[in-house]
Structure formats: C-alpha cells, structure tokens
$ cat start_27.cif   # mmCIF, C-alpha atoms
data_final
loop_
_atom_site.label_atom_id
_atom_site.label_comp_id
_atom_site.auth_asym_id
_atom_site.auth_seq_id
_atom_site.Cartn_x
_atom_site.Cartn_y
_atom_site.Cartn_z
CA MET A 186 93.77 78.97 101.64
CA GLY A 187 97.22 80.53 101.34
CA THR A 188 99.95 81.40 103.79
CA PRO A 189 98.99 84.36 105.98
CA ALA A 190 101.35 86.90 107.51
CA ILE A 191 100.83 89.30 110.38
CA ILE A 192 102.42 92.38 111.89
CA LEU A 193 102.91 92.05 115.64
CA THR A 194 103.21 95.11 117.84
CA LYS A 195 103.24 95.83 121.56
CA LYS A 196 99.69 95.77 122.87
CA GLU A 197 100.19 98.88 124.96
CA GLY A 198 100.00 101.89 122.73
CA TYR A 199 98.54 100.11 119.69
CA SER A 200 96.35 102.38 117.60
CA PRO A 201 94.65 101.43 114.31
CA GLU A 202 95.03 105.06 113.25
CA LYS A 203 98.80 104.89 113.75
CA LEU A 204 99.00 101.59 111.85
CA LEU A 205 97.02 103.18 109.02
CA ALA A 206 99.29 106.24 108.99
CA ASP A 207 102.46 104.15 109.15
CA SER A 208 101.16 101.92 106.34
CA ILE A 209 100.63 104.97 104.16
CA VAL A 210 104.17 106.17 104.90
CA ALA A 211 105.58 102.68 104.22
CA ALA A 212 103.73 102.48 100.89
CA PHE A 213 104.99 105.95 99.96
CA HIS A 214 108.64 105.04 100.69
CA ALA A 215 108.26 101.63 99.02
CA GLY A 216 107.04 103.33 95.85
CA VAL A 217 103.90 101.21 95.68
CA THR A 218 100.28 102.13 95.17
CA LEU A 219 97.92 102.08 98.12
CA TYR A 220 94.15 102.24 97.82
CA PHE A 221 92.15 103.06 100.91
CA HIS A 222 88.41 103.18 100.43
CA ASN A 223 87.65 103.59 104.17
CA ASN A 224 85.46 100.50 104.00
CA GLN A 225 85.13 100.04 107.75
CA GLN A 226 83.66 96.77 109.03
CA TYR A 227 81.71 96.58 112.27
CA ASP A 228 80.89 93.74 114.64
CA GLU A 229 77.37 92.68 115.63
CA LYS A 230 77.30 95.33 118.38
CA GLY A 231 78.13 98.13 115.95
CA HIS A 232 81.75 98.59 117.08
CA PHE A 233 84.53 99.12 114.55
CA SER A 234 86.20 95.79 113.79
CA TYR A 235 88.62 96.37 110.90
CA THR A 236 89.32 98.18 107.66
CA THR A 237 91.36 97.18 104.63
CA LEU A 238 94.00 98.65 102.39
CA ASN A 239 94.79 97.39 98.91
CA ILE A 240 98.52 97.57 98.30
CA ASN A 241 99.55 97.30 94.65
CA GLU A 242 102.80 97.02 92.79
CA ARG A 243 101.60 99.35 90.02
CA PRO A 244 98.50 101.42 89.34
CA PHE A 245 95.27 99.49 89.81
CA ASN A 246 94.38 99.41 86.10
CA ASP A 247 97.62 97.62 85.09
CA SER A 248 96.69 94.04 84.10
CA SER A 249 100.05 92.59 85.25
CA ASN A 250 99.58 94.08 88.68
CA SER A 251 100.30 92.16 91.87
CA SER A 252 98.50 93.23 95.01
CA PHE A 253 97.43 92.16 98.47
CA LEU A 254 94.81 93.18 100.99
CA PHE A 255 96.09 94.46 104.32
CA TYR A 256 93.65 94.28 107.23
CA ILE A 257 93.93 96.79 110.07
CA HIS A 258 92.09 95.66 113.20
CA SER A 259 90.53 97.66 116.01
CA LYS A 260 91.98 97.62 119.51
CA LYS A 261 88.99 95.61 120.74
CA SER A 262 88.87 93.05 117.95
CA PRO A 263 89.39 89.47 119.18
CA SER A 264 91.52 88.99 116.03
CA ILE A 265 94.38 90.90 117.63
CA ASP A 266 94.82 88.58 120.61
CA PHE A 267 98.22 86.86 120.47
CA TYR A 268 99.03 83.62 122.29
CA TYR A 269 101.92 82.09 120.33
CA HIS A 270 104.95 83.39 122.22
CA GLU A 271 106.44 79.96 122.86
CA ASP A 272 105.91 78.79 119.26
CA LEU A 273 107.93 81.78 118.07
CA GLY A 274 110.54 81.79 120.82
CA LEU A 275 109.32 85.09 122.25
CA ASP A 276 109.30 86.16 125.88
CA THR A 277 105.89 85.23 127.32
CA GLU A 278 105.86 88.47 129.32
CA LEU A 279 105.88 90.49 126.09
CA GLU A 280 102.30 91.64 125.47
CA LEU A 281 101.80 91.64 121.72
CA SER A 282 98.87 92.17 119.40
CA GLN A 283 98.28 90.86 115.87
CA VAL A 284 97.37 94.08 114.14
CA GLY A 285 98.04 93.96 110.40
CA HIS A 286 96.94 90.84 108.52
CA ILE A 287 97.80 89.69 105.02
CA GLN A 288 95.70 86.69 103.96
CA ASP A 289 98.07 85.15 101.44
CA ILE A 290 101.71 85.89 100.68
CA TYR A 291 101.99 83.58 97.67
CA GLY A 292 102.70 85.40 94.43
CA VAL A 293 103.24 88.78 96.10
CA GLN A 294 106.45 88.05 98.02
CA LYS A 295 108.41 90.92 96.43
CA LEU A 296 105.63 93.44 96.99
CA ILE A 297 105.31 92.33 100.61
CA PHE A 298 109.08 92.48 101.04
CA ILE A 299 109.36 96.10 99.93
CA PHE A 300 106.28 97.14 101.94
CA ILE A 301 107.30 95.33 105.15
CA TYR A 302 110.88 96.59 104.85
CA GLU A 303 109.59 100.16 104.84
CA TYR A 304 106.99 99.47 107.54
CA LEU A 305 109.60 98.00 109.89
CA ARG A 306 111.95 100.88 109.11
CA VAL A 307 109.28 103.17 110.60
CA ASN A 308 108.44 100.67 113.40
CA PRO A 309 111.70 98.81 114.19
CA ASN A 310 110.28 97.21 117.34
CA ASP A 311 107.40 95.52 115.52
CA LEU A 312 107.69 92.02 114.09
CA PHE A 313 106.52 90.37 110.86
CA TRP A 314 105.19 86.84 111.39
CA ILE A 315 104.79 84.22 108.65
CA THR A 316 102.18 82.11 110.43
CA ASP A 317 102.43 78.79 108.59
CA TYR A 318 106.14 78.61 109.29
CA ASP A 319 106.14 79.96 112.85
CA TRP A 320 108.92 82.41 112.34
CA ILE A 321 109.23 86.12 112.62
CA TYR A 322 111.24 88.77 110.85
CA THR A 323 112.68 91.70 112.74
CA TRP A 324 113.87 95.01 111.35
CA GLU A 325 117.43 93.64 111.57
CA ASP A 326 116.42 90.56 109.54
CA MET A 327 114.87 92.74 106.85
CA GLN A 328 118.03 94.86 106.69
CA LYS A 329 120.12 91.70 106.19
CA LEU A 330 117.76 90.48 103.45
CA LYS A 331 117.89 93.88 101.74
CA SER A 332 121.69 93.69 101.62
CA LEU A 333 121.55 90.35 99.74
CA PRO A 334 120.42 89.69 96.18
CA TYR A 335 116.63 89.44 96.21
CA ASP A 336 115.35 85.90 96.83
CA PRO A 337 111.69 85.38 95.79
CA ASP A 338 111.41 82.67 98.44
CA TRP A 339 112.68 84.88 101.28
CA CYS A 340 109.50 84.52 103.32
CA TYR A 341 109.60 80.71 103.16
CA LYS A 342 113.04 80.59 104.78
CA ASP A 343 113.82 80.80 108.46
CA PRO A 344 115.36 84.22 109.20
CA LYS A 345 117.54 82.60 111.88
CA LEU A 346 119.43 80.94 109.02
CA LEU A 347 120.33 84.24 107.32
CA PRO A 348 124.05 84.81 106.73
CA LYS A 349 125.71 86.75 109.50
#

$ encode --input "start_27.cif" --output "structure tokens"
Amino acid sequence: MGTPAIILTKKEGYSPEKLLADSIVAAFHAGVTLYFHNNQQYDEKGHFSYTTLNINERPFNDSSNSSFLFYIHSKKSPSIDFYYHEDLGLDTELELSQVGHIQDIYGVQKLIFIFIYEYLRVNPNDLFWITDYDWIYTWEDMQKLKSLPYDPDWCYKDPKLLPK
C-alpha cells in the first residue's frame, strides 16, 4: 500500500456537495482532467458513504497519463472522524474532518501538487495531510512551494523546513 493523503476541513459546515464543487473548480483552474461518474457507494444501511473522482494529468485515453482517485466522504461516514491533532501539532479544540482521500501519492506528486494548490486557493483554511509523515500543508505552505522551482519530492519533505 502507498502513502495516502487527506484534505482536512472544519467539521462544522462540511458538505460533500461543496467538496465536489470545489474539486471541480480546482481541477478547472489546475488545467487537469476530472472524470466524475457519480458512482455513489452506500453503507449496509443504505446511506450514502462516498463517491470518487478520477483526476488525470491529460485526457483519459493518453497512455502516458498519470491519475489518482479522490474519495469524497459523506458527513456521516466514520472515515471522516479525525483524532490526530497532537500528532500534527494542531489545537485539540479544532474540530476537523477527513473529507477528501487520496490512496497513494507515489508517482502522481506533480498532479497532486497542482490540484491541491488550486483546491487550497479556494479553501485556504483547509489543510492537506500526508499521513505517513504526519505533516500538513497549509495554503501558505503551498504558496511558498509554488514560488520555488518544482521539487518532485515536495510531499515527502516537512513543510516546516521550507525556506522562509
């Protein structure tokens, strides 16, 4: 299994519909291709659990295409519960939800970079968490990274160590 990454947002006010809309806007501004089949998944009780987006660097039929699946979870999904404040140095009073999941960042770091940059531009209070490394990227971190020459290993480096 690869290295997952997750968008964190404030629990109050989270809406899967807004995350879907903001993801479409982010993909549009990033100049990437987004496929949404509306393949909704449901739990054993018949309640909406999650849906997926396929975000691609180029059109789907391009053989040299890089892509990743982006999972958007329902408000009631247990997958959105967040308990790792202390691990990430976040205020424990901050009620966050894990709302947008990427299963594996390996090999699609540049695609994720341009998508997350645009997503955080629309949602500057959200955070991007690289789970295996227990660090988060803020909108300010992404702006700093964007001002530097692109580093394909950006997501494997602690954002606290970015140049000032």

$ atom_distance --input "start_27.cif" --atom1 "atom CA of Glu325 of chain A" --atom2 "atom CA of Asp343 of chain A"
13.7 Å

$ closest_residue --input "start_27.cif" --among "A:Ser262, A:Ser252, A:Thr236, A:Gln288" --to "Asp317 of chain A" --atoms "only C-alpha atoms"
A:Gln288

$ residues_around --input "start_27.cif" --residues "Lys295 of chain A" --least-positions-apart "2" --cutoff "10 Å" --atoms "all atoms listed in the file" --output "PyMOL selection string"
chain A and resi 242+251+290-293+297-301+335-340

$ residues_around --input "start_27.cif" --residues "segment 195-212 of chain A" --least-positions-apart "5" --cutoff "9 Å" --atoms "all atoms listed in the file" --output "PyMOL selection string"
chain A and resi 217-219+235+238+240+257-260+265-266+279-285+299-308+310-311

$ write_last_selection --input "start_27.cif" --atoms "C-alpha atoms" --output "mmCIF file, in the frame of the given file"
data_model
loop_
_atom_site.group_PDB
_atom_site.id
_atom_site.type_symbol
_atom_site.label_atom_id
_atom_site.label_comp_id
_atom_site.auth_asym_id
_atom_site.auth_seq_id
_atom_site.Cartn_x
_atom_site.Cartn_y
_atom_site.Cartn_z
ATOM 1 C CA VAL A 217 103.900 101.210 95.680
ATOM 2 C CA THR A 218 100.280 102.130 95.170
ATOM 3 C CA LEU A 219 97.920 102.080 98.120
ATOM 4 C CA TYR A 235 88.620 96.370 110.900
ATOM 5 C CA LEU A 238 94.000 98.650 102.390
ATOM 6 C CA ILE A 240 98.520 97.570 98.300
ATOM 7 C CA ILE A 257 93.930 96.790 110.070
ATOM 8 C CA HIS A 258 92.090 95.660 113.200
ATOM 9 C CA SER A 259 90.530 97.660 116.010
ATOM 10 C CA LYS A 260 91.980 97.620 119.510
ATOM 11 C CA ILE A 265 94.380 90.900 117.630
ATOM 12 C CA ASP A 266 94.820 88.580 120.610
ATOM 13 C CA LEU A 279 105.880 90.490 126.090
ATOM 14 C CA GLU A 280 102.300 91.640 125.470
ATOM 15 C CA LEU A 281 101.800 91.640 121.720
ATOM 16 C CA SER A 282 98.870 92.170 119.400
ATOM 17 C CA GLN A 283 98.280 90.860 115.870
ATOM 18 C CA VAL A 284 97.370 94.080 114.140
ATOM 19 C CA GLY A 285 98.040 93.960 110.400
ATOM 20 C CA ILE A 299 109.360 96.100 99.930
ATOM 21 C CA PHE A 300 106.280 97.140 101.940
ATOM 22 C CA ILE A 301 107.300 95.330 105.150
ATOM 23 C CA TYR A 302 110.880 96.590 104.850
ATOM 24 C CA GLU A 303 109.590 100.160 104.840
ATOM 25 C CA TYR A 304 106.990 99.470 107.540
ATOM 26 C CA LEU A 305 109.600 98.000 109.890
ATOM 27 C CA ARG A 306 111.950 100.880 109.110
ATOM 28 C CA VAL A 307 109.280 103.170 110.600
ATOM 29 C CA ASN A 308 108.440 100.670 113.400
ATOM 30 C CA ASN A 310 110.280 97.210 117.340
ATOM 31 C CA ASP A 311 107.400 95.520 115.520
#

$ residues_around --input "start_27.cif" --residues "segment 313-315 of chain A" --least-positions-apart "5" --cutoff "7 Å" --atoms "all atoms listed in the file" --output "PDB file with C-alpha atoms, keeping the file's coordinate frame"
ATOM      1  CA  PRO A 189      98.990  84.360 105.980  1.00  0.00           C
ATOM      2  CA  ALA A 190     101.350  86.900 107.510  1.00  0.00           C
ATOM      3  CA  ILE A 191     100.830  89.300 110.380  1.00  0.00           C
ATOM      4  CA  ILE A 192     102.420  92.380 111.890  1.00  0.00           C
ATOM      5  CA  LEU A 193     102.910  92.050 115.640  1.00  0.00           C
ATOM      6  CA  TRP A 320     108.920  82.410 112.340  1.00  0.00           C
ATOM      7  CA  ILE A 321     109.230  86.120 112.620  1.00  0.00           C
ATOM      8  CA  TYR A 322     111.240  88.770 110.850  1.00  0.00           C
ATOM      9  CA  THR A 323     112.680  91.700 112.740  1.00  0.00           C
TER      10      THR A 323
END

$ atom_distance --input "start_27.cif" --atom1 "atom CA of Lys349 of chain A" --atom2 "atom CA of Gln328 of chain A"
11.5 Å

$ atom_distance --input "start_27.cif" --atom1 "atom CA of Phe253 of chain A" --atom2 "atom CA of Gly274 of chain A"
27.9 Å

$ decode --input "start_27.cif" --residues "segment 192-224 of chain A" --atoms "N, CA, C and O atoms" --output "PDB file, in the first residue's frame"
ATOM      1  N   ILE A 192      -7.464  15.619   2.718  1.00  0.00           N
ATOM      2  CA  ILE A 192      -7.858  17.005   2.974  1.00  0.00           C
ATOM      3  C   ILE A 192      -8.606  17.039   4.297  1.00  0.00           C
ATOM      4  O   ILE A 192      -9.520  16.243   4.531  1.00  0.00           O
ATOM      5  N   LEU A 193      -8.191  17.965   5.149  1.00  0.00           N
ATOM      6  CA  LEU A 193      -8.855  18.188   6.435  1.00  0.00           C
ATOM      7  C   LEU A 193      -9.605  19.506   6.357  1.00  0.00           C
ATOM      8  O   LEU A 193      -9.080  20.495   5.840  1.00  0.00           O
ATOM      9  N   THR A 194     -10.817  19.498   6.879  1.00  0.00           N
ATOM     10  CA  THR A 194     -11.619  20.717   6.909  1.00  0.00           C
ATOM     11  C   THR A 194     -12.349  20.798   8.247  1.00  0.00           C
ATOM     12  O   THR A 194     -12.481  19.788   8.952  1.00  0.00           O
ATOM     13  N   LYS A 195     -12.833  21.975   8.573  1.00  0.00           N
ATOM     14  CA  LYS A 195     -13.606  22.119   9.815  1.00  0.00           C
ATOM     15  C   LYS A 195     -14.866  21.279   9.722  1.00  0.00           C
ATOM     16  O   LYS A 195     -15.572  21.298   8.706  1.00  0.00           O
ATOM     17  N   LYS A 196     -15.130  20.548  10.794  1.00  0.00           N
ATOM     18  CA  LYS A 196     -16.282  19.648  10.820  1.00  0.00           C
ATOM     19  C   LYS A 196     -17.590  20.411  10.616  1.00  0.00           C
ATOM     20  O   LYS A 196     -18.438  19.991   9.833  1.00  0.00           O
ATOM     21  N   GLU A 197     -17.708  21.517  11.316  1.00  0.00           N
ATOM     22  CA  GLU A 197     -18.919  22.329  11.177  1.00  0.00           C
ATOM     23  C   GLU A 197     -18.949  22.943   9.787  1.00  0.00           C
ATOM     24  O   GLU A 197     -18.004  23.579   9.344  1.00  0.00           O
ATOM     25  N   GLY A 198     -19.998  22.714   9.093  1.00  0.00           N
ATOM     26  CA  GLY A 198     -20.153  23.287   7.763  1.00  0.00           C
ATOM     27  C   GLY A 198     -19.668  22.403   6.633  1.00  0.00           C
ATOM     28  O   GLY A 198     -19.796  22.772   5.472  1.00  0.00           O
ATOM     29  N   TYR A 199     -19.077  21.218   6.962  1.00  0.00           N
ATOM     30  CA  TYR A 199     -18.626  20.342   5.881  1.00  0.00           C
ATOM     31  C   TYR A 199     -19.820  19.840   5.071  1.00  0.00           C
ATOM     32  O   TYR A 199     -20.840  19.446   5.611  1.00  0.00           O
ATOM     33  N   SER A 200     -19.647  19.847   3.771  1.00  0.00           N
ATOM     34  CA  SER A 200     -20.661  19.349   2.854  1.00  0.00           C
ATOM     35  C   SER A 200     -19.967  18.607   1.723  1.00  0.00           C
ATOM     36  O   SER A 200     -19.090  19.178   1.062  1.00  0.00           O
ATOM     37  N   PRO A 201     -20.334  17.337   1.474  1.00  0.00           N
ATOM     38  CA  PRO A 201     -19.734  16.622   0.346  1.00  0.00           C
ATOM     39  C   PRO A 201     -20.017  17.322  -0.982  1.00  0.00           C
ATOM     40  O   PRO A 201     -19.184  17.310  -1.888  1.00  0.00           O
ATOM     41  N   GLU A 202     -21.172  17.957  -1.085  1.00  0.00           N
ATOM     42  CA  GLU A 202     -21.519  18.678  -2.312  1.00  0.00           C
ATOM     43  C   GLU A 202     -20.570  19.859  -2.545  1.00  0.00           C
ATOM     44  O   GLU A 202     -20.147  20.109  -3.673  1.00  0.00           O
ATOM     45  N   LYS A 203     -20.211  20.565  -1.473  1.00  0.00           N
ATOM     46  CA  LYS A 203     -19.274  21.676  -1.602  1.00  0.00           C
ATOM     47  C   LYS A 203     -17.888  21.154  -1.957  1.00  0.00           C
ATOM     48  O   LYS A 203     -17.202  21.731  -2.809  1.00  0.00           O
ATOM     49  N   LEU A 204     -17.456  20.058  -1.329  1.00  0.00           N
ATOM     50  CA  LEU A 204     -16.156  19.479  -1.664  1.00  0.00           C
ATOM     51  C   LEU A 204     -16.132  19.048  -3.126  1.00  0.00           C
ATOM     52  O   LEU A 204     -15.147  19.281  -3.828  1.00  0.00           O
ATOM     53  N   LEU A 205     -17.209  18.461  -3.592  1.00  0.00           N
ATOM     54  CA  LEU A 205     -17.303  18.069  -5.003  1.00  0.00           C
ATOM     55  C   LEU A 205     -17.211  19.311  -5.899  1.00  0.00           C
ATOM     56  O   LEU A 205     -16.420  19.343  -6.841  1.00  0.00           O
ATOM     57  N   ALA A 206     -17.970  20.335  -5.596  1.00  0.00           N
ATOM     58  CA  ALA A 206     -17.951  21.565  -6.396  1.00  0.00           C
ATOM     59  C   ALA A 206     -16.570  22.223  -6.375  1.00  0.00           C
ATOM     60  O   ALA A 206     -16.050  22.632  -7.417  1.00  0.00           O
ATOM     61  N   ASP A 207     -15.968  22.308  -5.195  1.00  0.00           N
ATOM     62  CA  ASP A 207     -14.645  22.925  -5.085  1.00  0.00           C
ATOM     63  C   ASP A 207     -13.581  22.096  -5.800  1.00  0.00           C
ATOM     64  O   ASP A 207     -12.612  22.649  -6.333  1.00  0.00           O
ATOM     65  N   SER A 208     -13.736  20.790  -5.820  1.00  0.00           N
ATOM     66  CA  SER A 208     -12.802  19.914  -6.535  1.00  0.00           C
ATOM     67  C   SER A 208     -12.908  20.141  -8.039  1.00  0.00           C
ATOM     68  O   SER A 208     -11.889  20.140  -8.743  1.00  0.00           O
ATOM     69  N   ILE A 209     -14.107  20.343  -8.518  1.00  0.00           N
ATOM     70  CA  ILE A 209     -14.307  20.637  -9.945  1.00  0.00           C
ATOM     71  C   ILE A 209     -13.643  21.963 -10.296  1.00  0.00           C
ATOM     72  O   ILE A 209     -12.935  22.078 -11.296  1.00  0.00           O
ATOM     73  N   VAL A 210     -13.843  22.971  -9.457  1.00  0.00           N
ATOM     74  CA  VAL A 210     -13.231  24.281  -9.683  1.00  0.00           C
ATOM     75  C   VAL A 210     -11.707  24.166  -9.630  1.00  0.00           C
ATOM     76  O   VAL A 210     -11.005  24.727 -10.481  1.00  0.00           O
ATOM     77  N   ALA A 211     -11.187  23.425  -8.653  1.00  0.00           N
ATOM     78  CA  ALA A 211      -9.729  23.251  -8.529  1.00  0.00           C
ATOM     79  C   ALA A 211      -9.167  22.555  -9.770  1.00  0.00           C
ATOM     80  O   ALA A 211      -8.131  22.971 -10.298  1.00  0.00           O
ATOM     81  N   ALA A 212      -9.840  21.520 -10.245  1.00  0.00           N
ATOM     82  CA  ALA A 212      -9.386  20.813 -11.448  1.00  0.00           C
ATOM     83  C   ALA A 212      -9.415  21.745 -12.656  1.00  0.00           C
ATOM     84  O   ALA A 212      -8.489  21.748 -13.475  1.00  0.00           O
ATOM     85  N   PHE A 213     -10.449  22.549 -12.762  1.00  0.00           N
ATOM     86  CA  PHE A 213     -10.566  23.511 -13.859  1.00  0.00           C
ATOM     87  C   PHE A 213      -9.384  24.483 -13.854  1.00  0.00           C
ATOM     88  O   PHE A 213      -8.719  24.688 -14.867  1.00  0.00           O
ATOM     89  N   HIS A 214      -9.100  25.084 -12.695  1.00  0.00           N
ATOM     90  CA  HIS A 214      -8.003  26.054 -12.598  1.00  0.00           C
ATOM     91  C   HIS A 214      -6.635  25.401 -12.721  1.00  0.00           C
ATOM     92  O   HIS A 214      -5.682  26.041 -13.170  1.00  0.00           O
ATOM     93  N   ALA A 215      -6.525  24.128 -12.336  1.00  0.00           N
ATOM     94  CA  ALA A 215      -5.256  23.406 -12.448  1.00  0.00           C
ATOM     95  C   ALA A 215      -4.994  22.950 -13.881  1.00  0.00           C
ATOM     96  O   ALA A 215      -3.883  22.545 -14.203  1.00  0.00           O
ATOM     97  N   GLY A 216      -6.021  23.002 -14.717  1.00  0.00           N
ATOM     98  CA  GLY A 216      -5.864  22.570 -16.098  1.00  0.00           C
ATOM     99  C   GLY A 216      -5.725  21.069 -16.249  1.00  0.00           C
ATOM    100  O   GLY A 216      -5.069  20.580 -17.164  1.00  0.00           O
ATOM    101  N   VAL A 217      -6.352  20.329 -15.334  1.00  0.00           N
ATOM    102  CA  VAL A 217      -6.307  18.868 -15.387  1.00  0.00           C
ATOM    103  C   VAL A 217      -7.679  18.338 -15.776  1.00  0.00           C
ATOM    104  O   VAL A 217      -8.665  19.069 -15.799  1.00  0.00           O
ATOM    105  N   THR A 218      -7.710  17.054 -16.073  1.00  0.00           N
ATOM    106  CA  THR A 218      -8.959  16.414 -16.462  1.00  0.00           C
ATOM    107  C   THR A 218      -9.581  15.745 -15.251  1.00  0.00           C
ATOM    108  O   THR A 218      -8.888  15.089 -14.473  1.00  0.00           O
ATOM    109  N   LEU A 219     -10.863  15.909 -15.089  1.00  0.00           N
ATOM    110  CA  LEU A 219     -11.581  15.304 -13.975  1.00  0.00           C
ATOM    111  C   LEU A 219     -12.720  14.477 -14.540  1.00  0.00           C
ATOM    112  O   LEU A 219     -13.496  14.972 -15.361  1.00  0.00           O
ATOM    113  N   TYR A 220     -12.788  13.221 -14.108  1.00  0.00           N
ATOM    114  CA  TYR A 220     -13.894  12.352 -14.504  1.00  0.00           C
ATOM    115  C   TYR A 220     -14.727  12.047 -13.271  1.00  0.00           C
ATOM    116  O   TYR A 220     -14.208  11.583 -12.262  1.00  0.00           O
ATOM    117  N   PHE A 221     -16.002  12.331 -13.387  1.00  0.00           N
ATOM    118  CA  PHE A 221     -16.932  12.053 -12.298  1.00  0.00           C
ATOM    119  C   PHE A 221     -18.072  11.228 -12.873  1.00  0.00           C
ATOM    120  O   PHE A 221     -18.845  11.706 -13.696  1.00  0.00           O
ATOM    121  N   HIS A 222     -18.128   9.994 -12.456  1.00  0.00           N
ATOM    122  CA  HIS A 222     -19.127   9.065 -12.965  1.00  0.00           C
ATOM    123  C   HIS A 222     -20.364   9.021 -12.072  1.00  0.00           C
ATOM    124  O   HIS A 222     -21.360   8.409 -12.406  1.00  0.00           O
ATOM    125  N   ASN A 223     -20.328   9.697 -10.928  1.00  0.00           N
ATOM    126  CA  ASN A 223     -21.391   9.675  -9.933  1.00  0.00           C
ATOM    127  C   ASN A 223     -21.637   8.251  -9.441  1.00  0.00           C
ATOM    128  O   ASN A 223     -22.765   7.822  -9.260  1.00  0.00           O
ATOM    129  N   ASN A 224     -20.542   7.545  -9.217  1.00  0.00           N
ATOM    130  CA  ASN A 224     -20.593   6.181  -8.704  1.00  0.00           C
ATOM    131  C   ASN A 224     -20.654   6.242  -7.183  1.00  0.00           C
ATOM    132  O   ASN A 224     -19.652   6.091  -6.497  1.00  0.00           O
TER     133      ASN A 224
END
